[in-house]
Amino acid sequence: MTHSTLPSDRSTLSASNSKAPSIASIAREDIFAVTETVKEPTLHDDHNADKDRIDDLSIYASIKEDSFVDADFLVRFDENDPENPLNWSLTKRWVITLVAAFLILNATIASSVPAGVLPQMQVHFGFSREVGALCLSLFVLGFAVGPILWGPMSEDFGRQPVSLISFPLFIGTQIGCALSPNTASILIFRFLGGVFGASYLTTSGGIIADMFDGKLRGRALGAFSLAPFAGPSLAPLISGWMSVAGVGWQWVFWMQSIYGGVCLFLVLVAQPETYKPILLVHKARLMRKQTKDGRWWAPLERKHHPLPQRIQLILTRPFQMLATEPMLVALTVYLSFAYGVIYLLFEAYPIVFTVGHQLNAGISSLTYLPVPIGGAMACILYFIFFDPKYQHAVETYHPLPPPPEYRLPTSLYGSVLMPISFFWFAWTSYPSISFWAPMMAGLPLGMAVVLLYLGLYSYMFDAYTNYAASALAATVITRSFFGAGFPLFATQMYEKLTPRWASTLLAIVSLVMAPVPFVLQKYGPTLRARSKNAPQSVRSVGMNRRLSKEQSV
């Protein structure tokens, strides 16, 4: 490995490092304020600007008040540095992306895999149907708790070590479920499984952002976004047929243990570290070893934020943003509702298909298939139709990023499809009507959920940029509570209201929420201008005016 831009001669370094004076000049600024401002790089800059910005912001964030910064010995990525994940081959980056999707599928399948064997578990443990629903809900609740642990750890130790720690623990919880002697133990292990399984849900978005610039990141997220929604729908299919085959309920968890072991192997062989500050620490250590000079340093090595302080920030900032950002509240509630209805189906579908149409557990589990198929169709539609339009916008606005509103077209279609799918499911759920009719309502529902997430998540990234991590944390925590809570009342709602009116109620709620992306499309620039957390500049105002003119035409 060469270090042509990091010569050992100090005078040469000073001449080549033109940014050093500006770095030293901010050494006495309030470090916490600086860190809050620059913690997250802009996610929609072009390739070279993205790399430079990440380097500069990580430098600023590492400076401690009243400290002397020897900027001449700062370790940075060289231009076209092969160690920078943005410069890895496209094949390598896509392989890592697909492996990441496979790992997330592990956690999301585990979240709902007991659905197909709950009757067996009720007989074995003697618990009620409500406690059975709790087996699903507690795992998803762990998804809300896990990021509090794994987020700070991934920033201190990197993405890969977090996975290497969490996956063995996750495997242990699945073994614990299989060997549980009573109801309390299996509920505890289910919750812990969600906490440990959330590690890759926490770090995967960062892995994508580490490897892809703004131009390609949408494509990576498009290929990646199916995994969180396909898993919950595929899991009952797997466990349902295991139940029909006469396999004991314990083997559902043994299967997840084996799956977790495969994932751990993939982390070891196909998931290299991608977090740039950690890679720079490795580079600094190598420079100190090669040059015998201990003055080489990486920004993360001079980070002076205690872990409790950072955890407090992670816990408080997302909810502070929710309390002050109406735009974020609308996005979070809408996305959480879409996430919650996926888990609600695990209680609603058995009432319609197993009870109403008298289908056995195996055949009944097949009724979930249209949901992930619809999600896959949405991803294909994104690549064929939506992404080329966004790429055209990137070229039009170059070298500036397109306004965030260019991310919204997918969600416009999703917001229309969701109430249609629920009305469809509601009034075709009579036992006298062929089960194919309500089953195929899952197709537009799967498309709607994925299209909403592709548009609104990308919009959130681009609208909040520096505070995107906190905005996403607010959404992840809230949606996990929705996903955990919906199954707890779904059975009672569908039994009391009947599938017709219960699904109609969901259709009406989704219809009320449908205007959210349309409002953002029209008034997004105005809302962002009033936001305290969305960055504003003269350039963004100019872009917003340009977008408004195009929309008016």
# chains A, B, ... in the order shown; residues from 1 in each chain; ligands from 1

$ closest_atom_pairs --of "segment 394-495 of chain A" --to "segment 209-218 of chain A" --cutoff "12 Å" --atoms "only C-alpha atoms" --output "CSV"
residue,atom,partner,partner_atom,distance
A:Val394,CA,A:Lys215,CA,7.1
A:Glu395,CA,A:Lys215,CA,9.5
A:Tyr397,CA,A:Lys215,CA,11.9
A:His398,CA,A:Lys215,CA,10.6
A:Pro399,CA,A:Lys215,CA,11.4
A:Leu400,CA,A:Gly214,CA,11.0
A:Pro401,CA,A:Gly214,CA,8.2
A:Pro402,CA,A:Gly214,CA,10.0
A:Pro404,CA,A:Gly214,CA,11.6
A:Tyr406,CA,A:Gly218,CA,11.5
A:Arg407,CA,A:Gly218,CA,9.0
A:Thr410,CA,A:Gly218,CA,11.8
A:Tyr453,CA,A:Gly218,CA,11.7
A:Leu454,CA,A:Gly218,CA,8.3
A:Gly455,CA,A:Gly218,CA,9.6
A:Leu456,CA,A:Gly218,CA,11.9
A:Tyr457,CA,A:Gly218,CA,10.3
A:Ser458,CA,A:Gly218,CA,7.5
A:Tyr459,CA,A:Gly218,CA,10.7
A:Phe461,CA,A:Gly214,CA,10.3
A:Asp462,CA,A:Gly214,CA,9.4
A:Thr465,CA,A:Gly214,CA,11.4
A:Ala468,CA,A:Ala209,CA,11.6
A:Ala469,CA,A:Ala209,CA,11.3

$ write_last_selection --atoms "N, CA, C and O atoms" --output "compact mmCIF listing (two decimals), in the first residue's frame"
# COMPACT_ATOMS: atom_id res chain seq x y z
N VAL A 394 -30.51 13.97 -11.31
CA VAL A 394 -29.13 14.13 -10.84
C VAL A 394 -28.30 14.84 -11.90
O VAL A 394 -27.51 15.76 -11.61
N GLU A 395 -28.45 14.44 -13.16
CA GLU A 395 -27.71 15.08 -14.25
C GLU A 395 -28.17 16.52 -14.44
O GLU A 395 -27.35 17.41 -14.72
N TYR A 397 -29.36 18.67 -12.21
CA TYR A 397 -28.94 19.57 -11.13
C TYR A 397 -27.44 19.54 -10.86
O TYR A 397 -26.96 20.30 -10.03
N HIS A 398 -26.70 18.64 -11.50
CA HIS A 398 -25.28 18.53 -11.26
C HIS A 398 -24.59 19.88 -11.44
O HIS A 398 -24.90 20.61 -12.38
N PRO A 399 -23.67 20.26 -10.53
CA PRO A 399 -23.05 19.46 -9.46
C PRO A 399 -23.80 19.48 -8.14
O PRO A 399 -23.31 18.95 -7.14
N LEU A 400 -24.96 20.15 -8.09
CA LEU A 400 -25.75 20.16 -6.86
C LEU A 400 -26.65 18.93 -6.80
O LEU A 400 -27.00 18.38 -7.84
N PRO A 401 -27.03 18.50 -5.60
CA PRO A 401 -27.96 17.36 -5.50
C PRO A 401 -29.37 17.79 -5.85
O PRO A 401 -29.76 18.94 -5.63
N PRO A 402 -30.18 16.89 -6.38
CA PRO A 402 -31.59 17.23 -6.63
C PRO A 402 -32.31 17.50 -5.31
O PRO A 402 -31.92 16.98 -4.26
N PRO A 404 -34.94 17.05 -2.31
CA PRO A 404 -35.47 15.78 -1.76
C PRO A 404 -36.80 15.37 -2.37
O PRO A 404 -37.12 14.18 -2.39
N TYR A 406 -37.66 14.98 -5.24
CA TYR A 406 -37.52 14.05 -6.36
C TYR A 406 -37.51 12.59 -5.90
O TYR A 406 -37.55 11.68 -6.74
N ARG A 407 -37.44 12.36 -4.59
CA ARG A 407 -37.50 10.99 -4.07
C ARG A 407 -38.94 10.51 -3.86
O ARG A 407 -39.17 9.32 -3.60
N THR A 410 -42.32 7.48 -5.88
CA THR A 410 -42.68 6.10 -5.53
C THR A 410 -43.74 6.07 -4.43
O THR A 410 -44.67 5.26 -4.47
N TYR A 453 -41.83 2.97 1.50
CA TYR A 453 -40.55 3.02 2.18
C TYR A 453 -39.45 3.54 1.26
O TYR A 453 -38.58 4.31 1.69
N LEU A 454 -39.45 3.13 0.01
CA LEU A 454 -38.42 3.61 -0.92
C LEU A 454 -38.48 5.13 -1.05
O LEU A 454 -37.44 5.81 -1.06
N GLY A 455 -39.68 5.68 -1.16
CA GLY A 455 -39.81 7.11 -1.33
C GLY A 455 -39.60 7.91 -0.07
O GLY A 455 -38.81 8.85 -0.03
N LEU A 456 -40.28 7.52 1.02
CA LEU A 456 -40.26 8.33 2.23
C LEU A 456 -38.96 8.20 3.00
O LEU A 456 -38.48 9.17 3.60
N TYR A 457 -38.35 7.02 3.00
CA TYR A 457 -37.05 6.88 3.67
C TYR A 457 -35.98 7.69 2.94
O TYR A 457 -35.17 8.37 3.57
N SER A 458 -35.97 7.60 1.62
CA SER A 458 -34.99 8.37 0.85
C SER A 458 -35.22 9.86 1.05
O SER A 458 -34.26 10.64 1.15
N TYR A 459 -36.48 10.27 1.09
CA TYR A 459 -36.79 11.67 1.32
C TYR A 459 -36.27 12.12 2.69
O TYR A 459 -35.72 13.21 2.84
N PHE A 461 -33.72 10.87 4.36
CA PHE A 461 -32.27 10.98 4.26
C PHE A 461 -31.89 12.33 3.67
O PHE A 461 -31.04 13.04 4.21
N ASP A 462 -32.50 12.67 2.55
CA ASP A 462 -32.09 13.87 1.82
C ASP A 462 -32.57 15.15 2.49
O ASP A 462 -31.91 16.19 2.39
N THR A 465 -30.33 15.27 6.07
CA THR A 465 -28.88 15.14 5.85
C THR A 465 -28.12 14.95 7.16
O THR A 465 -27.97 13.85 7.64
N ALA A 468 -29.96 12.96 9.71
CA ALA A 468 -30.70 11.82 9.17
C ALA A 468 -30.68 10.63 10.12
O ALA A 468 -31.68 9.92 10.25
N ALA A 469 -29.56 10.42 10.82
CA ALA A 469 -29.47 9.29 11.73
C ALA A 469 -30.50 9.39 12.85
O ALA A 469 -31.16 8.41 13.21

$ closest_atom_pairs --of "segment 195-230 of chain A" --to "segment 86-107 of chain A" --cutoff "7 Å" --atoms "only C-alpha atoms" --output "CSV"
residue,atom,partner,partner_atom,distance
A:Gly197,CA,A:Ala107,CA,5.2
A:Tyr200,CA,A:Ile104,CA,6.2
A:Leu201,CA,A:Ile104,CA,6.3
A:Ser204,CA,A:Ala100,CA,6.5
A:Ile208,CA,A:Thr97,CA,6.9
A:Asp210,CA,A:Leu86,CA,6.8
A:Met211,CA,A:Leu86,CA,4.7
A:Phe212,CA,A:Leu86,CA,5.9
A:Phe224,CA,A:Ala101,CA,5.6
A:Ala227,CA,A:Leu105,CA,5.2
A:Pro228,CA,A:Leu105,CA,6.3

$ residues_around --residues "Ile278 of chain A" --least-positions-apart "2" --cutoff "12 Å" --atoms "only C-alpha atoms" --output "ChimeraX atom specification"
/A:58,75-77,83-85,153-161,210,272-276,280-285,297-301,303

$ write_last_selection --atoms "N, CA, C and O atoms" --output "compact mmCIF listing (two decimals), in the first residue's frame"
# COMPACT_ATOMS: atom_id res chain seq x y z
N SER A 58 -15.24 14.49 9.58
CA SER A 58 -14.69 13.62 10.61
C SER A 58 -13.52 14.30 11.31
O SER A 58 -13.28 14.07 12.49
N VAL A 75 -4.33 11.30 9.25
CA VAL A 75 -4.47 10.26 8.24
C VAL A 75 -5.82 10.40 7.56
O VAL A 75 -6.85 10.45 8.24
N ARG A 76 -5.78 10.50 6.24
CA ARG A 76 -7.00 10.62 5.45
C ARG A 76 -6.93 9.65 4.29
O ARG A 76 -5.88 9.09 3.99
N PHE A 77 -8.07 9.44 3.64
CA PHE A 77 -8.06 8.64 2.43
C PHE A 77 -7.48 9.47 1.29
O PHE A 77 -7.82 10.64 1.10
N GLU A 83 -8.61 1.64 -0.31
CA GLU A 83 -9.12 1.27 1.00
C GLU A 83 -10.44 1.96 1.33
O GLU A 83 -11.14 1.56 2.25
N ASN A 84 -10.78 3.00 0.59
CA ASN A 84 -12.04 3.70 0.80
C ASN A 84 -13.18 2.87 0.20
O ASN A 84 -13.15 2.55 -0.98
N PRO A 85 -14.18 2.51 0.98
CA PRO A 85 -15.27 1.68 0.44
C PRO A 85 -15.96 2.28 -0.78
O PRO A 85 -16.48 1.53 -1.62
N MET A 153 -22.09 1.26 19.67
CA MET A 153 -21.00 0.29 19.50
C MET A 153 -20.47 0.29 18.09
O MET A 153 -19.24 0.17 17.87
N SER A 154 -21.34 0.41 17.10
CA SER A 154 -20.88 0.41 15.70
C SER A 154 -20.03 1.64 15.40
O SER A 154 -19.15 1.60 14.54
N GLU A 155 -20.28 2.76 16.10
CA GLU A 155 -19.50 3.97 15.89
C GLU A 155 -18.15 3.90 16.60
O GLU A 155 -17.20 4.57 16.19
N ASP A 156 -18.05 3.12 17.67
CA ASP A 156 -16.79 2.99 18.40
C ASP A 156 -15.93 1.85 17.87
O ASP A 156 -14.69 1.97 17.84
N PHE A 157 -16.54 0.76 17.48
CA PHE A 157 -15.79 -0.44 17.12
C PHE A 157 -15.95 -0.86 15.66
O PHE A 157 -15.22 -1.75 15.21
N GLY A 158 -16.93 -0.28 14.94
CA GLY A 158 -17.11 -0.63 13.54
C GLY A 158 -18.31 -1.53 13.33
O GLY A 158 -18.91 -2.07 14.27
N ARG A 159 -18.67 -1.69 12.04
CA ARG A 159 -19.85 -2.48 11.69
C ARG A 159 -19.62 -3.98 11.91
O ARG A 159 -20.46 -4.69 12.45
N GLN A 160 -18.45 -4.47 11.47
CA GLN A 160 -18.21 -5.91 11.52
C GLN A 160 -18.12 -6.46 12.94
O GLN A 160 -18.75 -7.49 13.24
N PRO A 161 -17.38 -5.81 13.87
CA PRO A 161 -17.34 -6.37 15.23
C PRO A 161 -18.71 -6.48 15.89
O PRO A 161 -18.97 -7.42 16.64
N ASP A 210 -21.92 3.77 3.46
CA ASP A 210 -20.46 3.75 3.41
C ASP A 210 -19.95 3.46 2.00
O ASP A 210 -18.90 3.96 1.60
N PRO A 272 -16.59 -7.27 4.99
CA PRO A 272 -15.45 -6.53 5.55
C PRO A 272 -15.93 -5.25 6.23
O PRO A 272 -17.06 -4.80 6.03
N GLU A 273 -15.07 -4.68 7.02
CA GLU A 273 -15.39 -3.41 7.67
C GLU A 273 -15.57 -2.31 6.62
O GLU A 273 -14.76 -2.18 5.70
N THR A 274 -16.64 -1.52 6.76
CA THR A 274 -16.90 -0.44 5.81
C THR A 274 -16.92 0.94 6.46
O THR A 274 -16.96 1.94 5.76
N TYR A 275 -16.92 1.00 7.79
CA TYR A 275 -17.04 2.28 8.48
C TYR A 275 -15.74 3.07 8.35
O TYR A 275 -14.69 2.65 8.84
N LYS A 276 -15.80 4.20 7.69
CA LYS A 276 -14.60 4.93 7.33
C LYS A 276 -13.74 5.36 8.52
O LYS A 276 -12.51 5.24 8.47
N LEU A 280 -9.81 4.36 8.90
CA LEU A 280 -8.74 5.34 9.06
C LEU A 280 -7.91 5.06 10.31
O LEU A 280 -6.70 5.31 10.32
N VAL A 281 -8.53 4.53 11.36
CA VAL A 281 -7.77 4.11 12.55
C VAL A 281 -6.79 3.00 12.18
O VAL A 281 -5.63 3.01 12.58
N HIS A 282 -7.27 2.03 11.40
CA HIS A 282 -6.39 0.95 10.94
C HIS A 282 -5.23 1.51 10.11
O HIS A 282 -4.08 1.08 10.25
N LYS A 283 -5.54 2.47 9.27
CA LYS A 283 -4.52 3.07 8.42
C LYS A 283 -3.50 3.84 9.26
O LYS A 283 -2.29 3.80 8.99
N ALA A 284 -3.98 4.55 10.29
CA ALA A 284 -3.08 5.31 11.16
C ALA A 284 -2.14 4.37 11.91
O ALA A 284 -0.93 4.66 12.05
N ARG A 285 -2.67 3.26 12.39
CA ARG A 285 -1.81 2.29 13.08
C ARG A 285 -0.72 1.76 12.16
O ARG A 285 0.43 1.59 12.56
N TRP A 297 -2.22 10.09 13.28
CA TRP A 297 -3.45 9.91 14.04
C TRP A 297 -4.66 9.93 13.12
O TRP A 297 -4.63 10.50 12.03
N ALA A 298 -5.72 9.27 13.58
CA ALA A 298 -6.99 9.27 12.87
C ALA A 298 -8.02 9.99 13.73
O ALA A 298 -7.91 10.01 14.96
N PRO A 299 -9.03 10.62 13.11
CA PRO A 299 -10.01 11.40 13.89
C PRO A 299 -10.67 10.63 15.02
O PRO A 299 -10.85 11.18 16.10
N LEU A 300 -11.01 9.36 14.79
CA LEU A 300 -11.71 8.61 15.82
C LEU A 300 -10.85 8.40 17.05
O LEU A 300 -11.38 8.24 18.16
N GLU A 301 -9.52 8.41 16.89
CA GLU A 301 -8.63 8.20 18.02
C GLU A 301 -8.63 9.39 18.98
O GLU A 301 -8.19 9.26 20.12
N LYS A 303 -11.44 11.14 19.67
CA LYS A 303 -12.85 11.37 20.01
C LYS A 303 -12.99 11.27 21.52
O LYS A 303 -12.57 10.28 22.11

$ residues_around --residues "Phe319 of chain A" --least-positions-apart "4" --cutoff "10 Å" --atoms "only C-alpha atoms" --output "ChimeraX atom specification"
/A:314-315,323-325,329,470-471,473-475,477-478

$ atom_distance --atom1 "atom CA of Phe143 of chain A" --atom2 "atom CA of Val476 of chain A"
8.1 Å

$ atom_distance --atom1 "atom CA of Trp436 of chain A" --atom2 "atom CA of Ala507 of chain A"
19.6 Å

$ select_by_dssp --residues "segment 311-504 of chain A" --states "alpha helix (DSSP H)" --output "PyMOL selection string"
chain A and resi 311-324+326-349+361-366+370-381+387-397+409-426+436-439+442-464+468-504

$ atom_distance --atom1 "atom CA of Phe486 of chain A" --atom2 "atom CA of Ser137 of chain A"
8.2 Å

$ closest_residue --among "A:Lys522, A:Arg190, A:Arg479, A:Arg530" --to "Leu335 of chain A" --atoms "only C-alpha atoms"
A:Arg479

$ closest_residue --among "A:Cys379, A:Leu472, A:Leu164, A:Ala348" --to "Leu266 of chain A" --atoms "only C-alpha atoms"
A:Leu164

$ closest_residue --among "A:Ile420, A:Leu286, A:Leu443, A:Ala484" --to "Val509 of chain A" --atoms "only C-alpha atoms"
A:Ile420

$ closest_residue --among "A:Gly483, A:Pro525, A:Pro517, A:Pro444" --to "Gly340 of chain A" --atoms "only C-alpha atoms"
A:Gly483

$ residues_around --residues "Phe435 of chain A" --least-positions-apart "3" --cutoff "8 Å" --atoms "only C-alpha atoms" --output "ChimeraX atom specification"
/A:353,357,429,431,438-439

$ residues_around --residues "Leu506 of chain A" --least-positions-apart "5" --cutoff "12 Å" --atoms "only C-alpha atoms" --output "PyMOL selection string"
chain A and resi 337-338+340-342+344-345+348+418-426+445+486+490+493-494+497+499-501+511-513

$ residues_around --residues "Leu169 of chain A" --least-positions-apart "3" --cutoff "9 Å" --atoms "only C-alpha atoms" --output "PyMOL selection string"
chain A and resi 165-166+172-174+192-193+196-197
